[in-house]
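Participant: Just data28.cif, nothing more (mmCIF, N, CA and C atoms):
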data_start
loop_
_atom_site.group_PDB
_atom_site.id
_atom_site.type_symbol
_atom_site.label_atom_id
_atom_site.label_comp_id
_atom_site.auth_asym_id
_atom_site.auth_seq_id
_atom_site.Cartn_x
_atom_site.Cartn_y
_atom_site.Cartn_z
ATOM 1 N N MET O 187 -20.518 19.223 15.864
ATOM 2 C CA MET O 187 -19.384 18.360 16.078
ATOM 3 C C MET O 187 -19.275 17.390 14.905
ATOM 4 N N GLU O 188 -18.077 17.202 14.417
ATOM 5 C CA GLU O 188 -17.853 16.391 13.220
ATOM 6 C C GLU O 188 -18.242 14.927 13.438
ATOM 7 N N SER O 189 -17.934 14.392 14.619
ATOM 8 C CA SER O 189 -18.253 12.989 14.863
ATOM 9 C C SER O 189 -19.763 12.750 14.892
ATOM 10 N N ASP O 190 -20.530 13.740 15.354
ATOM 11 C CA ASP O 190 -21.991 13.601 15.348
ATOM 12 C C ASP O 190 -22.516 13.497 13.920
ATOM 13 N N SER O 191 -21.972 14.305 13.033
ATOM 14 C CA SER O 191 -22.386 14.289 11.633
ATOM 15 C C SER O 191 -22.016 12.959 10.982
ATOM 16 N N LYS O 192 -20.800 12.501 11.224
ATOM 17 C CA LYS O 192 -20.349 11.223 10.654
ATOM 18 C C LYS O 192 -21.194 10.082 11.216
ATOM 19 N N LEU O 193 -21.487 10.149 12.499
ATOM 20 C CA LEU O 193 -22.309 9.124 13.141
ATOM 21 C C LEU O 193 -23.691 9.064 12.506
ATOM 22 N N GLU O 194 -24.290 10.224 12.276
ATOM 23 C CA GLU O 194 -25.610 10.269 11.651
ATOM 24 C C GLU O 194 -25.558 9.719 10.227
ATOM 25 N N ASP O 195 -24.506 10.070 9.483
ATOM 26 C CA ASP O 195 -24.339 9.550 8.117
ATOM 27 C C ASP O 195 -24.230 8.026 8.115
ATOM 28 N N LEU O 196 -23.459 7.491 9.047
ATOM 29 C CA LEU O 196 -23.295 6.035 9.119
ATOM 30 C C LEU O 196 -24.591 5.347 9.512
ATOM 31 N N ARG O 197 -25.328 5.937 10.432
ATOM 32 C CA ARG O 197 -26.609 5.350 10.826
ATOM 33 C C ARG O 197 -27.588 5.356 9.662
ATOM 34 N N SER O 198 -27.556 6.425 8.877
ATOM 35 C CA SER O 198 -28.409 6.504 7.699
ATOM 36 C C SER O 198 -28.016 5.422 6.692
ATOM 37 N N MET O 199 -26.714 5.247 6.500
ATOM 38 C CA MET O 199 -26.234 4.222 5.578
ATOM 39 C C MET O 199 -26.656 2.833 6.053
ATOM 40 N N LEU O 200 -26.548 2.586 7.353
ATOM 41 C CA LEU O 200 -26.938 1.291 7.901
ATOM 42 C C LEU O 200 -28.431 1.048 7.701
ATOM 43 N N SER O 201 -29.231 2.080 7.851
ATOM 44 C CA SER O 201 -30.666 1.966 7.628
ATOM 45 C C SER O 201 -30.954 1.573 6.176
ATOM 46 N N CYS O 202 -30.221 2.183 5.251
ATOM 47 C CA CYS O 202 -30.393 1.843 3.834
ATOM 48 C C CYS O 202 -30.014 0.394 3.561
ATOM 49 N N VAL O 203 -28.956 -0.074 4.214
ATOM 50 C CA VAL O 203 -28.535 -1.470 4.036
ATOM 51 C C VAL O 203 -29.646 -2.402 4.499
ATOM 52 N N PHE O 204 -30.249 -2.107 5.653
ATOM 53 C CA PHE O 204 -31.326 -2.959 6.150
ATOM 54 C C PHE O 204 -32.531 -2.939 5.221
ATOM 55 N N GLU O 205 -32.807 -1.786 4.614
ATOM 56 C CA GLU O 205 -33.902 -1.720 3.646
ATOM 57 C C GLU O 205 -33.606 -2.618 2.450
ATOM 58 N N LYS O 206 -32.364 -2.556 1.963
ATOM 59 C CA LYS O 206 -31.982 -3.385 0.816
ATOM 60 C C LYS O 206 -32.035 -4.870 1.174
ATOM 61 N N LEU O 207 -31.690 -5.211 2.420
ATOM 62 C CA LEU O 207 -31.747 -6.607 2.848
ATOM 63 C C LEU O 207 -33.176 -7.141 2.837
ATOM 64 N N GLY O 208 -34.145 -6.255 2.955
ATOM 65 C CA GLY O 208 -35.541 -6.668 2.945
ATOM 66 C C GLY O 208 -36.100 -6.897 1.545
ATOM 67 N N ALA O 209 -35.324 -6.575 0.521
ATOM 68 C CA ALA O 209 -35.799 -6.729 -0.856
ATOM 69 C C ALA O 209 -35.915 -8.209 -1.208
ATOM 70 N N GLU O 210 -37.034 -8.606 -1.757
ATOM 71 C CA GLU O 210 -37.256 -10.006 -2.099
ATOM 72 C C GLU O 210 -36.413 -10.461 -3.280
ATOM 73 N N SER O 211 -36.033 -9.539 -4.152
ATOM 74 C CA SER O 211 -35.289 -9.910 -5.358
ATOM 75 C C SER O 211 -33.785 -10.049 -5.111
ATOM 76 N N LEU O 212 -33.361 -9.891 -3.886
ATOM 77 C CA LEU O 212 -31.943 -9.949 -3.553
ATOM 78 C C LEU O 212 -31.436 -11.389 -3.639
ATOM 79 N N THR O 213 -30.322 -11.567 -4.329
ATOM 80 C CA THR O 213 -29.723 -12.909 -4.406
ATOM 81 C C THR O 213 -28.953 -13.184 -3.128
ATOM 82 N N GLU O 214 -28.687 -14.440 -2.867
ATOM 83 C CA GLU O 214 -27.961 -14.807 -1.653
ATOM 84 C C GLU O 214 -26.559 -14.192 -1.612
ATOM 85 N N PRO O 215 -25.787 -14.193 -2.719
ATOM 86 C CA PRO O 215 -24.467 -13.538 -2.663
ATOM 87 C C PRO O 215 -24.583 -12.041 -2.346
ATOM 88 N N ASP O 216 -25.595 -11.384 -2.907
ATOM 89 C CA ASP O 216 -25.792 -9.968 -2.609
ATOM 90 C C ASP O 216 -26.160 -9.761 -1.140
ATOM 91 N N ARG O 217 -26.979 -10.655 -0.636
ATOM 92 C CA ARG O 217 -27.393 -10.575 0.769
ATOM 93 C C ARG O 217 -26.171 -10.741 1.686
ATOM 94 N N VAL O 218 -25.306 -11.700 1.377
ATOM 95 C CA VAL O 218 -24.106 -11.935 2.182
ATOM 96 C C VAL O 218 -23.205 -10.698 2.152
ATOM 97 N N GLU O 219 -23.048 -10.097 0.978
ATOM 98 C CA GLU O 219 -22.210 -8.899 0.852
ATOM 99 C C GLU O 219 -22.800 -7.735 1.651
ATOM 100 N N LEU O 220 -24.110 -7.561 1.593
ATOM 101 C CA LEU O 220 -24.746 -6.481 2.348
ATOM 102 C C LEU O 220 -24.596 -6.677 3.851
ATOM 103 N N VAL O 221 -24.708 -7.916 4.302
ATOM 104 C CA VAL O 221 -24.529 -8.192 5.732
ATOM 105 C C VAL O 221 -23.100 -7.855 6.147
ATOM 106 N N ALA O 222 -22.130 -8.216 5.320
ATOM 107 C CA ALA O 222 -20.731 -7.913 5.627
ATOM 108 C C ALA O 222 -20.518 -6.397 5.687
ATOM 109 N N ARG O 223 -21.105 -5.680 4.749
ATOM 110 C CA ARG O 223 -20.975 -4.218 4.747
ATOM 111 C C ARG O 223 -21.664 -3.606 5.958
ATOM 112 N N ALA O 224 -22.802 -4.166 6.339
ATOM 113 C CA ALA O 224 -23.512 -3.661 7.518
ATOM 114 C C ALA O 224 -22.652 -3.835 8.767
ATOM 115 N N GLU O 225 -21.929 -4.939 8.842
ATOM 116 C CA GLU O 225 -21.056 -5.166 9.992
ATOM 117 C C GLU O 225 -19.933 -4.134 10.044
ATOM 118 N N VAL O 226 -19.383 -3.781 8.886
ATOM 119 C CA VAL O 226 -18.325 -2.767 8.832
ATOM 120 C C VAL O 226 -18.877 -1.414 9.280
ATOM 121 N N VAL O 227 -20.051 -1.065 8.782
ATOM 122 C CA VAL O 227 -20.664 0.210 9.160
ATOM 123 C C VAL O 227 -20.958 0.215 10.658
ATOM 124 N N GLN O 228 -21.456 -0.882 11.188
ATOM 125 C CA GLN O 228 -21.754 -0.953 12.624
ATOM 126 C C GLN O 228 -20.475 -0.812 13.438
ATOM 127 N N ASP O 229 -19.375 -1.402 12.980
ATOM 128 C CA ASP O 229 -18.089 -1.249 13.669
ATOM 129 C C ASP O 229 -17.651 0.213 13.691
ATOM 130 N N GLN O 230 -17.874 0.914 12.587
ATOM 131 C CA GLN O 230 -17.524 2.336 12.530
ATOM 132 C C GLN O 230 -18.385 3.141 13.493
ATOM 133 N N ILE O 231 -19.670 2.823 13.534
ATOM 134 C CA ILE O 231 -20.578 3.505 14.463
ATOM 135 C C ILE O 231 -20.129 3.260 15.894
ATOM 136 N N ASP O 232 -19.805 2.021 16.217
ATOM 137 C CA ASP O 232 -19.364 1.686 17.575
ATOM 138 C C ASP O 232 -18.085 2.429 17.945
ATOM 139 N N ALA O 233 -17.140 2.521 17.008
ATOM 140 C CA ALA O 233 -15.872 3.214 17.282
ATOM 141 C C ALA O 233 -16.115 4.693 17.551
ATOM 142 N N ILE O 234 -16.957 5.324 16.754
ATOM 143 C CA ILE O 234 -17.259 6.745 16.957
ATOM 144 C C ILE O 234 -17.998 6.938 18.270
ATOM 145 N N GLN O 235 -18.941 6.055 18.553
ATOM 146 C CA GLN O 235 -19.699 6.173 19.806
ATOM 147 C C GLN O 235 -18.777 5.998 21.006
ATOM 148 N N ASP O 236 -17.790 5.110 20.914
ATOM 149 C CA ASP O 236 -16.822 4.934 21.999
ATOM 150 C C ASP O 236 -16.039 6.219 22.243
ATOM 151 N N VAL O 237 -15.628 6.890 21.172
ATOM 152 C CA VAL O 237 -14.892 8.149 21.307
ATOM 153 C C VAL O 237 -15.772 9.202 21.971
ATOM 154 N N ILE O 238 -17.023 9.285 21.528
ATOM 155 C CA ILE O 238 -17.952 10.252 22.116
ATOM 156 C C ILE O 238 -18.157 9.955 23.597
ATOM 157 N N ASP O 239 -18.364 8.691 23.927
ATOM 158 C CA ASP O 239 -18.563 8.307 25.324
ATOM 159 C C ASP O 239 -17.327 8.637 26.167
ATOM 160 N N ASP O 240 -16.140 8.376 25.622
ATOM 161 C CA ASP O 240 -14.907 8.672 26.348
ATOM 162 C C ASP O 240 -14.747 10.170 26.577
ATOM 163 N N GLU O 241 -15.087 10.975 25.556
ATOM 164 C CA GLU O 241 -14.992 12.426 25.696
ATOM 165 C C GLU O 241 -15.962 12.928 26.762
ATOM 166 N N GLU O 242 -17.136 12.343 26.807
ATOM 167 C CA GLU O 242 -18.128 12.758 27.796
ATOM 168 C C GLU O 242 -17.699 12.399 29.209
ATOM 169 N N HIS O 243 -16.907 11.340 29.343
ATOM 170 C CA HIS O 243 -16.466 10.894 30.662
ATOM 171 C C HIS O 243 -15.050 11.387 30.983
ATOM 172 N N GLY O 244 -14.502 12.260 30.146
ATOM 173 C CA GLY O 244 -13.211 12.853 30.425
ATOM 174 C C GLY O 244 -12.012 12.027 30.010
ATOM 175 N N HIS O 245 -12.226 10.929 29.347
ATOM 176 C CA HIS O 245 -11.113 10.116 28.867
ATOM 177 C C HIS O 245 -10.759 10.584 27.461
ATOM 178 N N LEU O 246 -9.518 10.811 27.223
ATOM 179 C CA LEU O 246 -9.106 11.284 25.903
ATOM 180 C C LEU O 246 -8.394 10.175 25.151
ATOM 181 N N ARG O 247 -9.089 9.135 24.914
ATOM 182 C CA ARG O 247 -8.561 8.004 24.149
ATOM 183 C C ARG O 247 -9.045 8.172 22.721
ATOM 184 N N THR O 248 -8.163 8.007 21.753
ATOM 185 C CA THR O 248 -8.555 8.171 20.353
ATOM 186 C C THR O 248 -8.220 6.920 19.565
ATOM 187 N N PRO O 249 -9.118 5.925 19.611
ATOM 188 C CA PRO O 249 -8.871 4.713 18.825
ATOM 189 C C PRO O 249 -9.037 5.014 17.342
ATOM 190 N N PRO O 250 -8.327 4.288 16.524
ATOM 191 C CA PRO O 250 -8.490 4.512 15.085
ATOM 192 C C PRO O 250 -9.885 4.100 14.638
ATOM 193 N N VAL O 251 -10.499 4.938 13.840
ATOM 194 C CA VAL O 251 -11.818 4.638 13.282
ATOM 195 C C VAL O 251 -11.599 3.912 11.974
ATOM 196 N N PRO O 252 -12.183 2.720 11.818
ATOM 197 C CA PRO O 252 -11.997 1.986 10.565
ATOM 198 C C PRO O 252 -12.479 2.804 9.382
ATOM 199 N N GLU O 253 -11.672 2.854 8.369
ATOM 200 C CA GLU O 253 -12.051 3.564 7.151
ATOM 201 C C GLU O 253 -12.869 2.637 6.259
ATOM 202 N N PRO O 254 -13.857 3.188 5.571
ATOM 203 C CA PRO O 254 -14.648 2.353 4.663
ATOM 204 C C PRO O 254 -13.771 1.839 3.519
ATOM 205 N N SER O 255 -14.162 0.708 2.990
ATOM 206 C CA SER O 255 -13.414 0.153 1.866
ATOM 207 C C SER O 255 -13.578 1.035 0.650
ATOM 208 N N GLY O 256 -12.768 0.801 -0.353
ATOM 209 C CA GLY O 256 -12.763 1.628 -1.548
ATOM 210 C C GLY O 256 -14.064 1.562 -2.332
ATOM 211 N N ASP O 257 -14.721 0.421 -2.334
ATOM 212 C CA ASP O 257 -15.970 0.324 -3.096
ATOM 213 C C ASP O 257 -17.116 0.840 -2.239
ATOM 214 N N ARG O 258 -17.871 1.727 -2.805
ATOM 215 C CA ARG O 258 -18.956 2.388 -2.103
ATOM 216 C C ARG O 258 -20.230 1.541 -2.185
ATOM 217 N N LEU O 259 -20.993 1.574 -1.114
ATOM 218 C CA LEU O 259 -22.255 0.839 -1.086
ATOM 219 C C LEU O 259 -23.310 1.554 -1.909
ATOM 220 N N PHE O 260 -23.280 2.871 -1.937
ATOM 221 C CA PHE O 260 -24.304 3.640 -2.637
ATOM 222 C C PHE O 260 -23.674 4.555 -3.639
#
Using the file provided, produce a representation of the structure as structure tokens.

Facilitator:
Amino acid sequence: MESDSKLEDLRSMLSCVFEKLGAESLTEPDRVELVARAEVVQDQIDAIQDVIDDEEHGHLRTPPVPEPSGDRLF
């Protein structure tokens, strides 16, 4: 299922963000930007999970999934 693959990709990306947040050499502006990006990724994960949950419960609601911004994290 495509949403499962996208969900796994987003979770992997979020894991990488948390690893980068643990870096001691990270400046405060970089840390703030990473936290903001992590929130966007988490919102995408939540939206996909909501669709999956709705499909499992027989609801066919298709909320728009937020698209990532143009600048890539990795």

Participant: Suppose a student applies the PyMOL selection byres ((chain O and resi 225-232) around 7) to this structure; what residues should they get, written as a list in words?

Facilitator: Leu193, Leu196, Arg197, Leu200, Leu220, Val221, Ala222, Arg223, Ala224, Ala233, Ile234, Gln235, Asp236, Val237, Val251 and Pro252 of chain O

Participant: Would you work out the distance separating atom C of Gly244 of chain O from atom N of Ser198 of chain O, expressed in Å to one decimal?

Facilitator: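 Separation between atom C of Gly244 of chain O and atom N of Ser198 of chain O: 26.8 Å.
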
Participant: First collect every listed atom of segment 207-215 of chain O; then fit an axis-aligned box around them, widen it by 4 Å on each side, and give centre and edge lengths in Å to one decimal, as JSON.

Facilitator:
{"center_x": -30.9, "center_y": -10.0, "center_z": -1.2, "size_x": 20.8, "size_y": 17.6, "size_z": 16.3}

Participant: Measure the distance from atom CA of Asp240 of chain O to atom CA of Ser201 of chain O in Å and round it to one decimal.

Facilitator: 25.4 Å

Participant: Report the distance between atom CA of Asp216 of chain O and atom CA of Met199 of chain O in Å, rounded to one decimal place.

Facilitator: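 Rounded to one decimal, the two atoms are 16.4 Å apart.
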
Participant: Taking the backbone alone, and naming residues the way the document does, which bits of segment 212-252 of chain O are helix (DSSP H, G or I) by DSSP, as a ChimeraX atom specification?

Facilitator: /O:214-242
